[in-house]
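start-v1.cif follows (mmCIF, C-alpha atoms and all ligand atoms):
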```cif
data_upload
loop_
_atom_site.label_atom_id
_atom_site.label_comp_id
_atom_site.auth_asym_id
_atom_site.auth_seq_id
_atom_site.Cartn_x
_atom_site.Cartn_y
_atom_site.Cartn_z
CA MET A 215 155.21 188.03 160.76
CA ILE A 216 154.12 184.50 160.17
CA SER A 217 154.38 182.05 162.91
CA PRO A 218 156.64 179.05 162.15
CA VAL A 219 153.93 176.85 163.57
CA LEU A 220 151.45 178.17 161.04
CA ILE A 221 153.91 177.49 158.21
CA LEU A 222 154.32 173.97 159.41
CA LEU A 223 150.59 173.48 159.67
CA SER A 224 149.79 174.89 156.25
CA SER A 225 152.55 172.89 154.55
CA PHE A 226 151.06 169.78 156.13
CA LEU A 227 147.58 170.64 154.89
CA CYS A 228 149.03 171.43 151.50
CA HIS A 229 150.67 168.04 151.29
CA VAL A 230 147.42 166.27 152.09
CA ALA A 231 145.59 168.24 149.39
CA ILE A 232 148.14 167.42 146.71
CA ALA A 233 148.49 163.75 147.66
CA GLY A 234 144.64 163.33 147.89
CA ARG A 235 143.06 160.15 149.17
CA THR A 236 143.67 156.65 147.74
CA CYS A 237 140.88 154.80 145.86
CA PRO A 238 139.71 151.43 147.18
CA LYS A 239 139.49 148.17 145.22
CA PRO A 240 137.05 148.97 142.37
CA ASP A 241 133.56 147.50 142.39
CA ASP A 242 132.94 144.18 140.73
CA LEU A 243 130.85 144.50 137.61
CA PRO A 244 129.07 141.37 136.38
CA PHE A 245 130.93 139.51 133.62
CA SER A 246 133.80 142.02 133.54
CA ILE A 247 137.53 142.07 134.27
CA VAL A 248 139.42 144.95 135.92
CA VAL A 249 143.07 145.57 135.05
CA PRO A 250 145.14 146.14 137.13
CA LEU A 251 143.30 144.82 140.14
CA LYS A 252 144.66 146.03 143.47
CA MET A 253 143.48 146.76 146.98
CA SER A 254 144.11 150.53 146.60
CA TYR A 255 145.11 153.09 143.98
CA GLU A 256 146.85 156.46 144.23
CA PRO A 257 144.93 159.38 142.76
CA GLY A 258 145.74 159.55 139.05
CA GLU A 259 146.14 155.79 138.67
CA GLN A 260 144.01 154.17 135.97
CA VAL A 261 142.01 150.93 135.75
CA THR A 262 140.43 149.39 132.68
CA TYR A 263 137.19 147.40 132.68
CA THR A 264 136.66 144.98 129.83
CA CYS A 265 134.00 142.26 129.38
CA LYS A 266 134.90 138.63 129.97
CA PRO A 267 135.08 136.36 126.92
CA GLY A 268 131.57 135.60 125.72
CA TYR A 269 130.25 138.97 126.91
CA VAL A 270 130.06 142.32 125.17
CA SER A 271 129.24 145.89 126.06
CA ARG A 272 128.11 148.85 124.02
CA GLY A 273 131.24 151.08 124.07
CA GLY A 274 133.72 148.23 124.34
CA MET A 275 135.67 149.14 127.49
CA ARG A 276 135.84 151.78 130.23
CA ARG A 277 139.02 153.49 131.50
CA LEU A 278 138.64 155.08 134.93
CA THR A 279 141.12 157.32 136.76
CA CYS A 280 141.33 157.43 140.56
CA PRO A 281 140.39 161.05 141.46
CA LEU A 282 141.78 163.14 144.41
CA SER A 283 138.53 162.50 146.20
CA GLY A 284 139.40 158.81 146.37
CA MET A 285 136.01 157.81 145.01
CA TRP A 286 135.80 155.99 141.69
CA PRO A 287 133.47 157.62 139.18
CA ILE A 288 130.22 155.79 138.41
CA ASN A 289 130.94 152.98 135.99
CA THR A 290 128.40 152.72 133.16
CA LEU A 291 129.82 149.55 131.62
CA ARG A 292 127.29 146.76 131.15
CA CYS A 293 128.47 143.36 129.93
CA THR A 294 125.82 141.18 128.33
CA PRO A 295 126.21 137.63 126.98
CA ARG A 296 126.78 137.14 123.29
CA VAL A 297 123.73 135.82 121.47
CA CYS A 298 124.10 133.03 118.94
CA PRO A 299 121.92 132.92 115.80
CA PHE A 300 118.35 131.71 116.31
CA ALA A 301 118.27 127.92 116.42
CA GLY A 302 114.84 127.18 117.84
CA ILE A 303 113.56 125.21 114.87
CA ILE A 304 114.98 122.09 113.25
CA ARG A 305 113.23 120.47 110.31
CA ASN A 306 111.82 117.05 111.20
CA GLY A 307 112.94 117.38 114.78
CA VAL A 308 112.65 119.21 118.07
CA VAL A 309 115.03 121.68 119.77
CA ARG A 310 115.11 122.09 123.55
CA TYR A 311 116.46 125.46 124.71
CA THR A 312 116.16 128.20 127.28
CA THR A 313 117.96 131.03 125.45
CA PHE A 314 120.46 131.22 122.63
CA GLU A 315 122.99 133.19 124.76
CA TYR A 316 126.51 132.29 125.74
CA PRO A 317 127.23 129.85 127.41
CA ASN A 318 123.97 127.91 127.00
CA THR A 319 123.59 124.54 125.38
CA ILE A 320 120.63 123.44 123.28
CA THR A 321 119.69 119.85 122.47
CA PHE A 322 118.13 118.20 119.45
CA THR A 323 115.99 115.15 118.79
CA CYS A 324 114.64 113.99 115.47
CA ASN A 325 111.16 112.78 114.66
CA LEU A 326 110.54 109.09 114.08
CA GLY A 327 111.98 108.07 110.73
CA PHE A 328 114.75 110.67 110.89
CA TYR A 329 118.19 110.46 112.39
CA LEU A 330 120.50 113.12 113.74
CA ASN A 331 123.29 113.88 111.30
CA GLY A 332 125.55 115.75 113.71
CA THR A 333 125.63 115.98 117.49
CA SER A 334 122.66 115.93 119.80
CA SER A 335 123.69 119.17 121.53
CA SER A 336 125.41 122.40 120.63
CA GLN A 337 126.78 125.24 122.76
CA CYS A 338 126.78 128.95 122.07
CA ASN A 339 130.52 129.66 122.35
CA GLU A 340 132.52 132.76 123.33
CA GLN A 341 132.48 133.96 119.74
CA GLY A 342 128.67 133.67 119.54
CA ILE A 343 128.87 130.67 117.24
CA TRP A 344 127.13 127.31 117.70
CA SER A 345 129.69 124.68 118.48
CA PRO A 346 129.70 122.08 117.15
CA ALA A 347 127.71 123.27 114.13
CA LEU A 348 123.95 122.64 114.19
CA PRO A 349 122.93 119.13 113.11
CA VAL A 350 120.21 118.21 110.64
CA CYS A 351 117.54 115.52 110.86
CA ALA A 352 118.09 113.35 107.80
CA PRO A 353 115.54 110.74 106.68
CA VAL A 354 116.31 107.14 107.61
CA THR A 355 116.89 105.03 104.54
CA CYS A 356 117.11 101.29 104.01
CA PRO A 357 119.20 99.73 101.27
CA PRO A 358 117.49 97.42 98.78
CA PRO A 359 116.26 94.40 100.78
CA PRO A 360 118.02 91.04 100.62
CA VAL A 361 115.89 88.33 99.03
CA PRO A 362 115.54 85.06 101.00
CA GLU A 363 116.50 81.80 99.39
CA PHE A 364 113.74 80.26 97.25
CA ALA A 365 111.81 83.54 97.25
CA VAL A 366 111.14 86.36 94.83
CA LEU A 367 110.28 90.00 95.43
CA LYS A 368 106.63 90.40 94.63
CA MET A 369 106.34 94.07 95.50
CA TYR A 370 109.15 96.54 96.03
CA LYS A 371 109.58 100.14 94.96
CA PRO A 372 112.52 102.18 96.25
CA SER A 373 111.21 105.60 97.18
CA THR A 374 114.47 107.59 97.15
CA GLY A 375 116.83 106.67 94.39
CA ASN A 376 117.84 103.11 95.14
CA ASN A 377 116.77 103.18 98.77
CA SER A 378 113.62 102.94 100.83
CA LEU A 379 112.36 105.27 103.53
CA PHE A 380 111.20 104.43 107.04
CA GLN A 381 108.02 102.30 106.96
CA ASP A 382 108.33 101.44 103.28
CA THR A 383 107.53 97.81 102.67
CA ALA A 384 108.57 94.96 100.42
CA VAL A 385 106.62 91.74 99.83
CA PHE A 386 108.08 88.32 99.07
CA GLU A 387 106.63 85.24 97.51
CA CYS A 388 108.06 81.73 97.70
CA LEU A 389 108.81 79.71 94.62
CA PRO A 390 106.26 76.98 93.77
CA ARG A 391 106.42 74.00 96.18
CA TYR A 392 107.92 76.27 98.86
CA ALA A 393 105.91 77.50 101.82
CA MET A 394 106.58 80.74 103.64
CA PHE A 395 107.46 80.83 107.31
CA GLY A 396 107.37 84.31 108.76
CA ASN A 397 105.80 87.47 107.47
CA ASP A 398 105.73 87.92 103.71
CA THR A 399 105.93 91.69 104.26
CA ILE A 400 109.04 93.39 105.60
CA SER A 401 109.35 97.06 106.44
CA CYS A 402 112.15 99.59 106.69
CA THR A 403 112.84 100.28 110.39
CA THR A 404 114.07 103.36 112.21
CA HIS A 405 117.47 101.67 112.38
CA GLY A 406 117.82 101.70 108.62
CA ASN A 407 117.50 97.95 108.34
CA TRP A 408 114.59 95.71 107.37
CA THR A 409 112.41 93.70 109.71
CA GLU A 410 113.09 89.99 109.85
CA LEU A 411 113.04 88.18 106.52
CA PRO A 412 110.65 85.28 106.01
CA LYS A 413 111.94 81.80 105.09
CA CYS A 414 110.83 79.62 102.23
CA ARG A 415 110.97 75.85 102.76
CA GLU A 416 110.05 73.02 100.44
CA VAL A 417 107.01 71.21 101.81
CA LYS A 418 105.90 67.75 100.77
CA CYS A 419 102.61 66.10 101.67
CA PRO A 420 102.02 62.32 101.73
CA PHE A 421 99.75 60.87 99.07
CA PRO A 422 96.20 61.08 100.38
CA SER A 423 94.57 57.72 101.12
CA ARG A 424 91.34 56.62 99.48
CA PRO A 425 88.34 56.87 101.80
CA ASP A 426 86.13 53.83 102.40
CA ASN A 427 83.20 53.85 99.98
CA GLY A 428 84.73 56.67 97.96
CA PHE A 429 87.66 57.89 95.94
CA VAL A 430 90.30 60.60 95.82
CA ASN A 431 91.99 62.24 92.82
CA TYR A 432 95.27 64.09 92.85
CA PRO A 433 97.94 65.12 90.34
CA ALA A 434 99.87 62.18 88.88
CA ASN A 435 103.23 63.51 90.08
CA PRO A 436 106.13 61.71 91.74
CA ALA A 437 105.42 63.72 94.90
CA LEU A 438 102.85 66.18 96.18
CA TYR A 439 103.88 69.59 97.44
CA TYR A 440 102.58 72.66 99.21
CA LYS A 441 99.37 74.03 97.64
CA ASP A 442 98.76 70.85 95.61
CA LYS A 443 95.13 69.81 95.75
CA ALA A 444 93.21 66.56 96.04
CA LYS A 445 89.52 66.01 95.27
CA TYR A 446 87.29 63.57 97.11
CA GLY A 447 84.06 61.85 96.12
CA CYS A 448 81.84 59.05 97.44
CA HIS A 449 80.06 56.11 95.91
CA ASP A 450 76.24 56.02 95.63
CA THR A 451 74.30 56.12 98.90
CA PHE A 452 77.28 57.73 100.62
CA SER A 453 78.15 61.38 100.99
CA LEU A 454 81.24 63.31 102.01
CA ASP A 455 81.91 64.30 105.55
CA GLY A 456 84.23 67.23 104.93
CA PRO A 457 85.17 69.40 101.96
CA ASP A 458 85.37 67.86 98.49
CA GLU A 459 88.73 69.51 97.92
CA VAL A 460 91.72 69.58 100.25
CA GLU A 461 95.08 71.31 99.99
CA CYS A 462 98.61 70.41 101.05
CA THR A 463 99.36 72.80 103.93
CA LYS A 464 102.68 74.32 104.94
CA LEU A 465 102.78 71.85 107.84
CA GLY A 466 103.10 68.99 105.36
CA ASN A 467 99.63 67.56 105.96
CA TRP A 468 96.31 67.97 104.19
CA SER A 469 93.86 70.68 105.13
CA ALA A 470 91.25 68.01 105.96
CA GLN A 471 90.64 64.26 105.81
CA PRO A 472 87.19 63.82 104.29
CA SER A 473 85.44 60.49 104.69
CA CYS A 474 82.34 58.90 103.15
CA LYS A 475 79.34 58.40 105.37
CA ALA A 476 76.18 56.46 104.60
CA ASN A 477 72.99 58.27 103.68
CA CYS A 478 69.78 57.57 105.66
CA LYS A 479 66.62 55.78 104.59
CA LEU A 480 63.54 57.26 106.23
CA SER A 481 61.02 55.02 107.99
CA VAL A 482 58.46 57.84 107.90
CA LYS A 483 56.44 57.71 104.69
CA LYS A 484 54.57 61.00 104.82
CA ALA A 485 55.14 64.14 106.83
CA THR A 486 55.61 67.86 106.51
CA VAL A 487 58.91 68.86 108.06
CA LEU A 488 61.14 71.90 108.30
CA PHE A 489 64.31 71.71 106.21
CA GLU A 490 66.69 74.65 105.98
CA GLY A 491 63.95 77.00 107.16
CA GLU A 492 61.34 75.79 104.71
CA ARG A 493 58.35 73.49 105.05
CA VAL A 494 58.83 70.48 102.78
CA LYS A 495 57.07 67.19 102.24
CA ILE A 496 59.32 64.38 103.32
CA GLN A 497 57.92 62.01 100.68
CA GLU A 498 58.90 64.42 97.92
CA LYS A 499 62.09 66.05 99.15
CA PHE A 500 63.64 62.92 100.63
CA LYS A 501 62.23 60.12 98.53
CA ASN A 502 65.81 58.94 97.92
CA GLY A 503 66.64 59.25 101.62
CA MET A 504 68.66 61.88 103.45
CA LEU A 505 72.31 62.70 102.96
CA HIS A 506 74.70 62.22 105.80
CA GLY A 507 74.83 65.38 107.88
CA GLN A 508 71.44 66.78 106.86
CA THR A 509 69.03 67.83 109.61
CA ILE A 510 65.25 68.14 109.48
CA SER A 511 62.76 69.31 112.10
CA PHE A 512 59.63 67.26 112.79
CA TYR A 513 56.39 68.86 114.01
CA CYS A 514 54.93 67.53 117.25
CA LYS A 515 51.72 68.38 119.10
CA ASN A 516 51.35 69.66 122.61
CA LYS A 517 47.93 68.19 123.40
CA GLU A 518 47.24 70.24 126.55
CA LYS A 519 48.03 73.57 125.03
CA LYS A 520 46.77 72.57 121.58
CA CYS A 521 49.81 73.90 119.83
CA SER A 522 52.81 72.56 117.90
CA TYR A 523 56.54 72.56 118.39
CA THR A 524 59.49 71.07 116.49
CA GLU A 525 62.23 68.57 117.26
CA ASP A 526 65.36 68.04 115.18
CA ALA A 527 66.64 64.83 113.67
CA ARG A 528 70.01 64.46 111.99
CA CYS A 529 71.19 61.84 109.53
CA ASN A 530 74.45 60.44 110.89
CA ASP A 531 76.20 57.76 108.85
CA GLY A 532 73.04 55.89 107.89
CA THR A 533 71.12 56.39 111.11
CA ILE A 534 68.43 58.89 111.93
CA GLU A 535 66.41 58.92 115.10
CA ILE A 536 62.84 60.05 114.53
CA PRO A 537 61.71 62.19 117.50
CA LYS A 538 59.39 60.19 119.82
CA CYS A 539 56.83 62.98 119.94
CA PHE A 540 56.29 62.71 116.19
CA LYS A 541 53.12 60.79 115.17
CA GLU A 542 52.69 59.69 111.61
CA HIS A 543 49.03 59.68 110.53
CA SER A 544 47.63 56.92 108.48
CA SER A 545 46.25 58.25 105.20
CA PHE A 546 42.80 57.06 106.33
CA ALA A 547 42.75 59.28 109.37
CA PHE A 548 41.65 62.29 107.31
CA TRP A 549 39.78 63.86 110.23
CA LYS A 550 42.94 64.38 112.21
CA THR A 551 44.84 67.66 111.91
CA ASP A 552 48.54 67.23 111.18
CA ALA A 553 50.84 68.76 113.77
CA SER A 554 52.35 70.98 111.08
CA GLU A 555 48.93 72.64 110.67
CA VAL A 556 48.57 73.48 114.36
CA LYS A 557 49.53 76.93 115.59
CA PRO A 558 53.03 77.06 117.07
CA CYS A 559 53.31 77.08 120.84
CA GLU A 560 54.10 80.48 122.40
CA ASP A 561 57.42 79.43 123.86
CA ASP A 562 58.34 77.87 120.55
CA LEU A 563 57.93 81.14 118.68
CA PRO A 564 61.20 82.89 119.47
CA SER A 565 63.31 79.98 118.24
CA GLN A 566 61.48 80.03 114.93
CA SER A 567 61.86 83.73 114.19
C1 LIG B 1 125.47 114.71 107.12
O1 LIG B 1 126.29 115.81 107.45
C2 LIG B 1 127.48 115.89 106.71
C3 LIG B 1 128.28 117.01 107.25
O2 LIG B 1 127.49 118.14 107.45
C4 LIG B 1 127.13 116.09 105.24
O3 LIG B 1 128.32 116.11 104.46
C5 LIG B 1 126.29 114.94 104.79
O4 LIG B 1 125.86 115.14 103.46
C6 LIG B 1 125.05 114.82 105.68
N1 LIG B 1 124.31 113.65 105.30
C7 LIG B 1 123.01 113.68 105.14
C8 LIG B 1 122.36 112.40 104.77
O5 LIG B 1 122.36 114.70 105.29
C1 LIG B 2 121.29 102.89 91.86
O1 LIG B 2 122.19 101.80 91.79
C2 LIG B 2 122.76 101.65 90.53
C3 LIG B 2 123.58 100.36 90.54
O2 LIG B 2 124.12 100.11 91.79
C4 LIG B 2 123.62 102.86 90.20
O3 LIG B 2 124.18 102.73 88.95
C5 LIG B 2 122.73 104.09 90.24
O4 LIG B 2 123.50 105.25 90.04
C6 LIG B 2 122.00 104.20 91.56
N1 LIG B 2 121.03 105.27 91.49
C7 LIG B 2 120.94 106.20 92.42
C8 LIG B 2 119.91 107.25 92.21
O5 LIG B 2 121.65 106.21 93.42
C1 LIG B 3 103.53 91.58 108.70
O1 LIG B 3 104.28 92.76 108.79
C2 LIG B 3 103.52 93.94 108.55
C3 LIG B 3 104.45 95.13 108.54
O2 LIG B 3 105.76 94.77 108.50
C4 LIG B 3 102.46 94.07 109.61
O3 LIG B 3 101.66 95.21 109.35
C5 LIG B 3 101.59 92.84 109.60
O4 LIG B 3 100.68 92.91 110.68
C6 LIG B 3 102.43 91.60 109.75
N1 LIG B 3 101.57 90.45 109.57
C7 LIG B 3 101.59 89.43 110.41
C8 LIG B 3 100.67 88.31 110.08
O5 LIG B 3 102.33 89.39 111.38
C1 LIG B 4 118.38 96.31 112.96
O1 LIG B 4 119.33 97.11 113.61
C2 LIG B 4 119.12 97.18 115.03
C3 LIG B 4 120.09 98.19 115.61
O2 LIG B 4 121.36 98.02 115.07
C4 LIG B 4 119.28 95.80 115.63
O3 LIG B 4 119.05 95.86 117.02
C5 LIG B 4 118.27 94.87 115.00
O4 LIG B 4 118.46 93.56 115.46
C6 LIG B 4 118.41 94.89 113.48
N1 LIG B 4 117.30 94.13 112.95
C7 LIG B 4 117.46 93.13 112.07
C8 LIG B 4 116.24 92.45 111.62
O5 LIG B 4 118.56 92.83 111.65
C1 LIG B 5 98.71 69.17 110.57
O1 LIG B 5 99.80 68.90 111.43
C2 LIG B 5 99.87 69.79 112.54
C3 LIG B 5 101.15 69.50 113.30
O2 LIG B 5 101.63 68.24 113.05
C4 LIG B 5 98.62 69.61 113.39
O3 LIG B 5 98.69 70.49 114.48
C5 LIG B 5 97.41 69.93 112.57
O4 LIG B 5 96.24 69.70 113.32
C6 LIG B 5 97.38 69.06 111.33
N1 LIG B 5 96.29 69.50 110.48
C7 LIG B 5 95.37 68.68 110.02
C8 LIG B 5 94.31 69.26 109.19
O5 LIG B 5 95.40 67.48 110.26
#
```

Take the structure in the file and write it out as structure tokens.
Amino acid sequence: MISPVLILLSSFLCHVAIAGRTCPKPDDLPFSIVVPLKMSYEPGEQVTYTCKPGYVSRGGMRRLTCPLSGMWPINTLRCTPRVCPFAGIIRNGVVRYTTFEYPNTITFTCNLGFYLNGTSSSQCNEQGIWSPALPVCAPVTCPPPPVPEFAVLKMYKPSTGNNSLFQDTAVFECLPRYAMFGNDTISCTTHGNWTELPKCREVKCPFPSRPDNGFVNYPANPALYYKDKAKYGCHDTFSLDGPDEVECTKLGNWSAQPSCKANCKLSVKKATVLFEGERVKIQEKFKNGMLHGQTISFYCKNKEKKCSYTEDARCNDGTIEIPKCFKEHSSFAFWKTDASEVKPCEDDLPSQS
């Protein structure tokens, strides 16, 4: 005989065994989605794990069934980010990146003289494709340069077809009579334009005036312009103070205003002097006097130290001051030694060498 209580008990146990235990909410797996997602599942119910967009796993997906034990089996799904094609190098530029995986962004910069044709950043998208597409660094080009008014291109060579590349140059020249203001050389910039153009302006100079005691020659034209030249000269016994040729400058004046200055007659009849580093006899070298601007050095004696030193004298518009220390010997005083024959003083040596 079986006790009714026992029957009741065993049918209860039986029910529990057949119904089993429920499974809890399944574990989260990185970068994956669970369908359907609930707080609990009856034994026999199924869930499907798939990777989120942008992530992939080796067998695609995993289908798990809630067992009677109520414990989900171990899930071996591993979702990893999609990897976009290698993009670590860009010609004539630099790429900044950490990895090429979804959903990272990489950025681009181009070297000087190149510009970005495309966007400065690109993202590895859910499909594992760079979006937007990778840019390229294209060389900067400048169109043929404009030519300023009254100028001509003196030097220009396009280096790519009809265009110039970064740092290429072009050189201008002004037409005759025109002076250039600004740089004659322009260069192709990183912006694809040229540096500032120079300007050419007509420049006139006044007729030069004749110097006192001299003359000036210049072209017999109705007007004198930039780069025209004038030549100066002086009458006898005068010499030029300044260059003998001057030029009309871009400022509309002459490069110099030479004048005529009187030459010097020398009161000293005989002496050995220094002239342009050489010992010369004054009576020979300067028998016709000295030209304005010339300098000679006279020898003087230091009686205590029994040595000689020099002092300069310069001809300035007809006047020359003979140094006071200089003593001219009479031709009869043959027993006296001329200062130029005496050994130079010690402290005079360095200035002579
Ligand atoms: C710039 O990119 C566009 C589109 O990719 C292309 O058609 C064009 O030729 C490129 N230009 C240069 C100068 O590379
Ligand atoms: C240069 O320009 C000329 C005239 O504009 C044109 O005929 C020629 O095809 C261009 N050459 C190149 C290489 O672009
Ligand atoms: C003129 O420009 C060139 C390059 O464009 C530069 O190298 C040069 O120094 C400039 N000259 C002057 C006088 O500014
Ligand atoms: C060249 O282009 C840049 C940028 O557009 C501008 O700032 C600059 O003034 C331009 N230079 C000249 C000489 O036009
Ligand atoms: C030419 O004129 C400019 C400005 O008027 C002046 O600064 C310069 O000194 C002059 N040059 C000469 C050689 O006189």

Which of A:Val261, A:Leu282, A:Val385, A:Met394 sits closest to Leu367 of chain A [using all atoms listed in the file]: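 When distances to Leu367 of chain A are compared using all atoms listed in the file, the smallest one comes from A:Val385.
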
Near-ligand residues for ligand LIG 2 (chain B), threshold 10 Å, all atoms listed in the file, as a PyMOL selection string: chain A and resi 358+372+374-377

Quick one: residues within 9 Å of His543 of chain A, only C-alpha atoms counted, chain neighbours fewer than 5 positions away excluded, as JSON, numbers by chain? {"A": [484, 485, 548, 550, 552]}

Using all atoms listed in the file, determine which residues fall within 9 Å of ligand LIG 4 (chain B), then list them as a list in words.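 Every residue with an atom at most 9 Å from ligand LIG 4 (chain B) is listed here: Thr403, Thr404, His405, Gly406, Asn407, Trp408, Thr409, Glu410 and Leu411 of chain A.
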
Could you check which of A:Lys368, A:Lys517, A:Lys252, A:Arg272 is closest to Asp398 of chain A, using only C-alpha atoms? A:Lys368

Identify, counting only C-alpha atoms and all ligand atoms, the protein, DNA and RNA residues located within 10 Å of ligand LIG 1 (chain B), and give them as an MDAnalysis selection string. chainID A and resid 328:332 347:355

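Within 9 Å of the point (101.2, 57.0, 95.3), and counting all atoms listed in the file, the protein, DNA and RNA residues are A:Pro420, A:Phe421, A:Pro422, A:Ser423, A:Ala434, A:Asn435, A:Pro436, A:Ala437.
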
Could you list, as a PyMOL selection string, all protein and nucleic acid residues with an atom at most 6 Å from ligand LIG 3 (chain B), counting all atoms listed in the file? chain A and resi 397+399-401

Can you report as JSON the centre and edge lengths in Å, to one decimal, of an axis-aligned box around the listed atoms of ligand LIG 5 (chain B) padded with 6 Å on each side?
```
{"center_x": 98.0, "center_y": 69.0, "center_z": 111.8, "size_x": 19.3, "size_y": 15.0, "size_z": 17.3}
```

For ligand LIG 5 (chain B), which residue out of A:Gln471, A:Asn477, A:Thr236, A:Ser544 is the nearest one, using only C-alpha atoms and all ligand atoms? A:Gln471
